[in-house]
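A.B. asks: Below is start.txt; it holds compact mmCIF, C-alpha atoms.
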```
# COMPACT_ATOMS: atom_id res chain seq x y z
CA MET A 1 48.66 41.67 59.78
CA ILE A 2 46.42 41.55 56.74
CA ARG A 3 43.81 43.96 55.47
CA ALA A 4 41.23 43.29 52.76
CA GLU A 5 39.70 46.03 50.66
CA ILE A 6 37.16 45.83 47.84
CA ILE A 7 38.37 47.86 44.85
CA SER A 8 35.48 47.49 42.42
CA GLY A 9 32.64 45.02 42.11
CA ASN A 10 33.96 41.57 42.99
CA THR A 11 37.61 42.60 42.83
CA GLY A 12 39.57 43.34 45.97
CA CYS A 13 43.07 43.43 47.35
CA LEU A 14 44.80 41.88 50.34
CA PHE A 15 47.36 44.25 51.82
CA LEU A 16 50.20 42.35 53.47
CA THR A 17 53.68 43.17 54.65
CA GLY A 18 55.73 43.86 51.54
CA ASN A 19 53.19 43.48 48.77
CA CYS A 20 49.57 43.31 47.68
CA ILE A 21 47.65 40.23 46.53
CA PRO A 22 44.59 41.00 44.38
CA PHE A 23 41.56 38.69 44.58
CA TYR A 24 38.37 38.16 42.63
CA CYS A 25 35.24 36.74 44.29
CA LEU A 26 33.67 34.05 42.13
CA SER A 27 31.23 33.82 45.03
CA GLU A 28 31.30 35.08 48.61
CA LYS A 29 33.44 32.18 49.80
CA SER A 30 35.26 31.20 46.62
CA TRP A 31 38.09 33.44 45.42
CA VAL A 32 40.70 33.61 42.71
CA LEU A 33 44.03 35.07 43.85
CA LEU A 34 46.40 36.91 41.54
CA ASP A 35 49.73 35.66 42.95
CA SER A 36 50.25 34.07 46.35
CA GLY A 37 52.82 36.12 48.28
CA SER A 38 55.95 34.94 50.06
CA ARG A 39 56.35 32.39 52.82
CA PHE A 40 56.78 35.28 55.27
CA VAL A 41 53.08 36.20 54.94
CA ARG A 42 51.83 32.59 54.84
CA LYS A 43 50.52 32.46 58.41
CA ASP A 44 48.65 35.76 58.08
CA LEU A 45 47.19 34.71 54.74
CA SER A 46 46.20 31.24 55.92
CA ASP A 47 44.70 32.50 59.20
CA TYR A 48 42.66 35.08 57.32
CA LEU A 49 41.29 32.58 54.79
CA ILE A 50 40.44 30.02 57.48
CA GLN A 51 38.82 32.62 59.74
CA LYS A 52 36.68 33.92 56.87
CA ASN A 53 35.98 30.38 55.59
CA ILE A 54 37.24 31.30 52.13
CA GLN A 55 38.33 28.73 49.58
CA ILE A 56 40.89 29.69 46.94
CA ARG A 57 39.51 28.28 43.72
CA ALA A 58 42.64 29.15 41.75
CA VAL A 59 45.78 31.25 41.69
CA LEU A 60 46.82 33.13 38.54
CA CYS A 61 50.60 33.59 38.76
CA SER A 62 52.29 36.64 37.28
CA HIS A 63 55.91 35.47 37.40
CA ALA A 64 58.35 33.15 39.13
CA HIS A 65 59.85 35.28 41.91
CA TYR A 66 59.71 34.28 45.56
CA ASP A 67 57.33 37.01 46.76
CA HIS A 68 54.73 35.92 44.20
CA THR A 69 55.05 32.13 44.28
CA GLU A 70 56.13 30.77 47.65
CA ASN A 71 52.57 29.98 48.77
CA LEU A 72 51.46 28.31 45.53
CA ALA A 73 52.17 24.73 46.63
CA TYR A 74 50.74 25.48 50.08
CA LEU A 75 47.45 26.78 48.66
CA GLN A 76 47.25 23.89 46.23
CA LYS A 77 47.73 21.33 49.00
CA ASN A 78 45.67 22.94 51.77
CA PHE A 79 42.93 24.77 49.86
CA GLY A 80 42.68 22.66 46.71
CA SER A 81 43.64 25.68 44.60
CA GLU A 82 44.23 25.27 40.87
CA LEU A 83 47.60 26.75 39.92
CA VAL A 84 47.63 28.61 36.60
CA LEU A 85 51.10 29.54 35.34
CA SER A 86 52.80 30.51 32.11
CA ALA A 87 54.53 27.70 30.25
CA TYR A 88 57.92 29.14 31.18
CA ASP A 89 57.11 29.48 34.89
CA ALA A 90 55.47 26.05 35.06
CA GLY A 91 58.75 24.59 33.79
CA SER A 92 61.14 26.73 35.82
CA LEU A 93 59.33 26.05 39.12
CA TYR A 94 59.37 22.30 38.59
CA ASP A 95 62.53 21.60 40.61
CA ALA A 96 65.92 22.95 41.69
CA THR A 97 67.60 22.28 38.36
CA ALA A 98 64.85 23.93 36.32
CA LEU A 99 64.92 26.95 38.60
CA LYS A 100 68.49 27.63 37.52
CA SER A 101 66.90 29.14 34.40
CA CYS A 102 65.87 32.01 36.71
CA PHE A 103 68.51 31.84 39.44
CA TYR A 104 71.48 30.71 37.40
CA SER A 105 74.13 31.77 39.92
CA TYR A 106 72.91 29.31 42.56
CA THR A 107 73.80 25.64 42.56
CA GLY A 108 70.91 23.22 42.49
CA ARG A 109 71.39 22.60 46.20
CA GLU A 110 71.38 26.34 46.92
CA ASN A 111 68.12 26.69 44.98
CA GLU A 112 66.65 24.01 47.25
CA ILE A 113 67.80 25.95 50.33
CA TYR A 114 66.97 29.50 49.25
CA ASN A 115 64.07 28.91 46.86
CA GLY A 116 62.63 25.50 47.66
CA GLU A 117 59.31 27.01 48.74
CA MET A 118 58.80 28.14 45.14
CA PHE A 119 58.67 24.60 43.71
CA CYS A 120 55.22 23.59 42.53
CA ARG A 121 53.29 21.68 39.88
CA ALA A 122 51.07 23.76 37.60
CA ASP A 123 47.52 22.50 37.07
CA ARG A 124 47.04 24.63 33.97
CA VAL A 125 49.60 26.17 31.63
CA LEU A 126 49.16 29.44 29.76
CA VAL A 127 50.72 29.32 26.31
CA PRO A 128 52.80 32.25 25.00
CA GLY A 129 50.59 35.01 23.65
CA GLN A 130 47.40 33.69 25.27
CA SER A 131 45.00 36.61 25.73
CA GLN A 132 42.57 35.29 28.33
CA VAL A 133 41.90 32.51 30.80
CA GLU A 134 38.54 31.17 31.96
CA LEU A 135 37.69 29.96 35.46
CA ASP A 136 34.19 28.63 36.14
CA GLY A 137 32.77 30.74 33.33
CA THR A 138 34.60 33.90 34.42
CA ILE A 139 37.05 35.43 31.95
CA PHE A 140 40.29 37.11 33.03
CA GLU A 141 42.25 39.08 30.45
CA ILE A 142 45.98 38.34 30.31
CA LEU A 143 48.38 41.25 29.93
CA GLN A 144 51.79 40.67 28.39
CA LEU A 145 54.17 42.80 30.50
CA PRO A 146 57.70 41.70 29.53
CA GLY A 147 60.85 42.99 31.17
CA HIS A 148 60.91 42.24 34.87
CA ALA A 149 61.18 38.47 34.48
CA ALA A 150 61.56 35.91 31.73
CA SER A 151 57.79 35.51 31.79
CA HIS A 152 55.91 38.42 33.34
CA LEU A 153 52.13 38.64 33.09
CA GLY A 154 49.40 40.91 34.39
CA PHE A 155 45.71 40.14 34.65
CA VAL A 156 42.50 42.13 34.28
CA THR A 157 39.46 41.05 36.27
CA PRO A 158 35.90 41.23 34.86
CA ASP A 159 35.53 44.49 36.84
CA GLY A 160 38.16 46.19 34.68
CA VAL A 161 40.81 46.16 37.42
CA ALA A 162 44.32 45.59 36.04
CA TYR A 163 46.98 43.88 38.12
CA LEU A 164 50.39 45.05 36.87
CA ALA A 165 52.51 42.83 39.16
CA ASP A 166 56.12 44.13 39.20
CA SER A 167 56.14 46.10 35.95
CA MET A 168 56.12 49.33 37.97
CA PHE A 169 56.08 50.63 41.55
CA SER A 170 54.08 53.07 43.63
CA ALA A 171 55.43 56.59 44.16
CA ASP A 172 56.41 55.65 47.73
CA GLN A 173 58.59 52.82 46.40
CA LEU A 174 60.55 55.05 44.02
CA GLY A 175 63.68 56.95 44.98
CA ASP A 176 67.36 57.48 44.26
CA GLU A 177 68.40 55.20 47.10
CA LYS A 178 66.35 52.30 45.74
CA ILE A 179 67.92 49.72 43.49
CA TYR A 180 65.70 47.95 40.97
CA TYR A 181 65.90 44.59 39.23
CA MET A 182 64.60 44.06 35.72
CA LEU A 183 65.73 41.05 33.72
CA ARG A 184 65.65 42.99 30.45
CA TRP A 185 65.51 46.74 30.85
CA SER A 186 64.74 47.52 27.21
CA GLU A 187 61.52 45.50 27.45
CA THR A 188 60.63 47.05 30.81
CA LEU A 189 60.78 50.56 29.35
CA LYS A 190 58.62 49.50 26.39
CA THR A 191 56.10 47.91 28.74
CA LEU A 192 55.84 51.11 30.76
CA GLU A 193 55.23 53.14 27.63
CA LYS A 194 52.41 50.73 26.76
CA VAL A 195 50.94 50.75 30.28
CA LYS A 196 51.05 54.56 30.32
CA LYS A 197 48.50 54.61 27.50
CA SER A 198 46.17 51.98 28.96
CA GLN A 199 42.71 52.86 30.23
CA PHE A 200 41.52 50.42 32.85
CA ARG A 201 39.19 51.42 35.69
CA HIS A 202 41.70 50.72 38.44
CA TYR A 203 45.24 49.41 38.77
CA ILE A 204 46.84 47.26 41.46
CA LEU A 205 50.62 47.25 41.92
CA ALA A 206 52.29 44.39 43.73
CA HIS A 207 54.58 46.99 45.36
CA TYR A 208 52.41 48.73 46.52
CA GLY A 209 48.75 49.70 46.37
CA VAL A 210 45.90 50.82 44.14
CA CYS A 211 45.48 53.76 41.76
CA ASP A 212 42.81 54.96 39.35
CA LYS A 213 45.06 56.88 36.95
CA ILE A 214 48.25 55.40 35.58
CA GLU A 215 49.84 57.86 33.15
CA ASP A 216 51.60 60.11 35.68
CA LEU A 217 52.79 57.20 37.81
CA ALA A 218 54.09 55.33 34.77
CA GLU A 219 56.00 58.44 33.74
CA LYS A 220 57.50 58.73 37.24
CA ASN A 221 58.63 55.11 36.99
CA LEU A 222 60.16 55.73 33.58
CA HIS A 223 61.97 58.78 34.89
CA GLN A 224 63.33 56.97 37.94
CA PHE A 225 64.34 53.88 36.02
CA ARG A 226 66.26 55.97 33.50
CA ARG A 227 67.97 57.84 36.34
CA SER A 228 69.05 54.53 37.83
CA LEU A 229 70.40 53.33 34.49
CA ASP A 230 72.25 56.63 34.02
CA ARG A 231 73.66 56.30 37.52
CA PHE A 232 74.94 52.84 36.65
CA ARG A 233 76.38 54.17 33.38
CA ASN A 234 78.45 56.66 35.37
CA LEU A 235 80.10 53.73 37.15
CA CYS A 236 81.41 52.47 33.83
CA ARG A 237 84.05 55.13 33.29
CA LYS A 238 86.80 52.57 32.93
CA GLU A 239 87.17 49.07 31.65
CA SER A 240 85.50 46.86 34.28
CA THR A 241 84.65 43.25 34.89
CA LEU A 242 81.13 42.45 36.05
CA GLU A 243 82.48 41.73 39.54
CA GLU A 244 84.06 45.19 39.68
CA LEU A 245 80.77 46.78 38.61
CA VAL A 246 78.97 44.85 41.36
CA GLN A 247 81.36 46.27 43.95
CA GLU A 248 80.92 49.81 42.68
CA LEU A 249 77.14 49.47 42.52
CA ALA A 250 77.03 48.21 46.12
CA CYS A 251 79.20 51.15 47.21
CA VAL A 252 76.99 53.75 45.50
CA TYR A 253 73.82 52.31 47.08
CA HIS A 254 75.48 51.67 50.46
CA ILE A 255 74.73 47.96 50.28
CA SER A 256 76.77 45.61 52.42
CA ILE A 257 77.43 42.34 50.60
CA ASN A 258 77.92 40.15 53.62
CA HIS A 259 76.68 36.79 52.41
CA TYR A 260 76.71 34.79 49.20
CA GLU A 261 72.97 35.06 48.54
CA LYS A 262 73.14 38.86 48.43
CA ALA A 263 76.22 38.70 46.21
CA CYS A 264 74.26 36.61 43.71
CA ILE A 265 71.36 39.08 43.76
CA MET A 266 73.69 42.02 43.18
CA GLU A 267 75.37 40.17 40.33
CA ARG A 268 72.02 39.68 38.58
CA ILE A 269 71.11 43.35 39.06
CA ALA A 270 74.43 44.61 37.70
CA ARG A 271 74.44 42.14 34.80
CA ALA A 272 70.95 43.21 33.67
CA MET A 273 71.90 46.90 33.74
CA ALA A 274 75.17 46.28 31.90
CA GLU A 275 73.42 44.19 29.26
CA TYR A 276 70.92 47.01 28.66
CA LEU A 277 73.77 49.46 28.06
CA VAL A 278 75.35 46.97 25.65
CA GLU A 279 72.04 46.58 23.79
CA GLU A 280 71.79 50.35 23.50
CA GLU A 281 75.40 50.46 22.24
CA ILE A 282 76.39 52.72 25.13
CA LEU A 283 78.81 50.06 26.39
CA SER A 284 80.60 47.30 24.57
CA ARG A 285 82.12 44.03 25.70
CA ARG A 286 85.53 42.62 24.92
CA LEU A 287 88.05 40.21 26.37
CA ARG A 288 90.93 41.25 28.59
CA ASP A 289 93.36 38.39 29.16
CA GLY A 290 90.51 35.99 28.46
CA ILE A 291 88.10 37.70 30.90
CA PRO A 292 84.99 39.57 29.66
CA VAL A 293 85.05 43.28 30.47
CA TYR A 294 82.65 46.16 29.86
CA VAL A 295 84.02 49.33 28.34
```
Mind turning this structure into structure tokens?
C.D. replies:
Amino acid sequence: MIRAEIISGNTGCLFLTGNCIPFYCLSEKSWVLLDSGSRFVRKDLSDYLIQKNIQIRAVLCSHAHYDHTENLAYLQKNFGSELVLSAYDAGSLYDATALKSCFYSYTGRENEIYNGEMFCRADRVLVPGQSQVELDGTIFEILQLPGHAASHLGFVTPDGVAYLADSMFSADQLGDEKIYYMLRWSETLKTLEKVKKSQFRHYILAHYGVCDKIEDLAEKNLHQFRRSLDRFRNLCRKESTLEELVQELACVYHISINHYEKACIMERIARAMAEYLVEEEILSRRLRDGIPVYV
């Protein structure tokens, strides 16, 4: 099921299973989407757009993860949508080999199987540091929100509504039993400190919903993220390989690693947390019999 709600002026949000997709109405029947959702919501999204006779003029993409990109090529082909991506994401989504820059633990063939729906060709590329993008005379501000992915952007519509993508989560999505992925935790924490001080009219979170005030929620995210990092630090009481840390992390969060895809995801989560602790000089790395270990 899909539900549409106007947030302010011409800016609205599509509420789908798993995440939100913001939209901006250039006209009643011509929209700009901020991200495209996953393949699992494609039928609901397509049926809604066809039923309402809405054309998607363009999609502004926040970052190259499956739940934000898997409908890009579909919208481009079936709705004539212009795809606007960062230079990094335009390159990484080009094919299975390029996508290894994001999903390095998969073979090229595995990227085709698991992530093939993400492949697309950008129509327009945003250069690093670009502050705005124009579509049919309408200006969208670009927010630099590093941390969650190698290139992670937010956008502000002309109505002053800021889309923060995956830089933070709603209060309902936070909790000690949740495990979070950030590519570079040090940048994520800096981004949250910056977002906490921002003053936009409304905020849309990809996971999940809309809020008018951001400071308290940003602080809750900071608190929970630091708790998660501390929890991971407590796993590192002895010299451990990354594989051993993955096993301990899965045990603490009661996660069953029963297929290779999940093992790869857990490896990326554990690696990012361990690298943060190394950057903060809380952990160090050395070799044990030629194998890297964290201590």
A.B. asks: Out of A:Ala274, A:Ala73, A:Leu83, A:Ile255, which residue has the shortest atom-to-atom distance to Leu126 of chain A when counting only C-alpha atoms?
C.D. replies: A:Leu83
A.B. asks: Considering all atoms listed in the file, return as a list in words whatever protein or nucleic-acid residues lie within 6 Å of segment 56-67 of chain A, sequence-local ones (same chain, fewer than 2 positions apart) excluded.
C.D. replies: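 The residues satisfying every condition are Ser30, Trp31, Val32, Leu33, Leu34, Asp35, Gly37, Ser38, Thr69, Glu70, Ser81, Glu82, Leu83, Val84, Leu85, Asp89, Ser151, His152, Leu153 and Gly154 of chain A.
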A.B. asks: The residues within 12 Å of (71.7, 44.9, 32.3), using all atoms listed in the file and the coordinates of the file, should be reported as a compact mmCIF listing (two decimals) with C-alpha atoms, in the frame of the given file; which are they?
C.D. replies:
```txt
# COMPACT_ATOMS: atom_id res chain seq x y z
CA GLY A 147 60.85 42.99 31.17
CA HIS A 148 60.91 42.24 34.87
CA TYR A 180 65.70 47.95 40.97
CA TYR A 181 65.90 44.59 39.23
CA MET A 182 64.60 44.06 35.72
CA LEU A 183 65.73 41.05 33.72
CA ARG A 184 65.65 42.99 30.45
CA TRP A 185 65.51 46.74 30.85
CA SER A 186 64.74 47.52 27.21
CA GLU A 187 61.52 45.50 27.45
CA THR A 188 60.63 47.05 30.81
CA SER A 228 69.05 54.53 37.83
CA LEU A 229 70.40 53.33 34.49
CA ASP A 230 72.25 56.63 34.02
CA PHE A 232 74.94 52.84 36.65
CA ARG A 233 76.38 54.17 33.38
CA LEU A 242 81.13 42.45 36.05
CA LEU A 245 80.77 46.78 38.61
CA VAL A 246 78.97 44.85 41.36
CA MET A 266 73.69 42.02 43.18
CA GLU A 267 75.37 40.17 40.33
CA ARG A 268 72.02 39.68 38.58
CA ILE A 269 71.11 43.35 39.06
CA ALA A 270 74.43 44.61 37.70
CA ARG A 271 74.44 42.14 34.80
CA ALA A 272 70.95 43.21 33.67
CA MET A 273 71.90 46.90 33.74
CA ALA A 274 75.17 46.28 31.90
CA GLU A 275 73.42 44.19 29.26
CA TYR A 276 70.92 47.01 28.66
CA LEU A 277 73.77 49.46 28.06
CA VAL A 278 75.35 46.97 25.65
CA GLU A 279 72.04 46.58 23.79
CA GLU A 280 71.79 50.35 23.50
CA ILE A 282 76.39 52.72 25.13
CA LEU A 283 78.81 50.06 26.39
CA TYR A 294 82.65 46.16 29.86
```
A.B. asks: I'd like the neighbourhood of Arg201 of chain A as a list in words, where a residue qualifies if any of its atoms comes within 10 Å (using all atoms listed in the file), though same-chain residues fewer than 5 positions away should be ignored.
C.D. replies: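 After dropping sequence-adjacent residues, the list is Ile7, Ser8, Val156, Asp159, Gly160, Val161, Ala162, Cys211, Asp212, Lys213 and Ile214 of chain A.
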A.B. asks: Report, in Å to a single decimal, how far apart atom CA of Pro128 of chain A and atom CA of Gly209 of chain A are.
C.D. replies: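 Interatomic distance, atom CA of Gly209 of chain A to atom CA of Pro128 of chain A: 27.9 Å.
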A.B. asks: Could you please determine the separation between atom CA of Arg227 of chain A and atom CA of Lys190 of chain A in Å, to one decimal place?
C.D. replies: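 So the answer is 16.0 Å.
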A.B. asks: If we count only C-alpha atoms, what is near Ser46 of chain A at a cut-off of 10 Å, once residues fewer than 2 positions away on the same chain are taken out, given as a PyMOL selection string?
C.D. replies: chain A and resi 41-44+48-52+54+71+74-75+78-79
A.B. asks: I'd like to know which of A:Val210, A:Leu174, A:Cys251, A:Cys13 is closest to Leu222 of chain A, using all atoms listed in the file.
C.D. replies: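 Closest candidate: A:Leu174.
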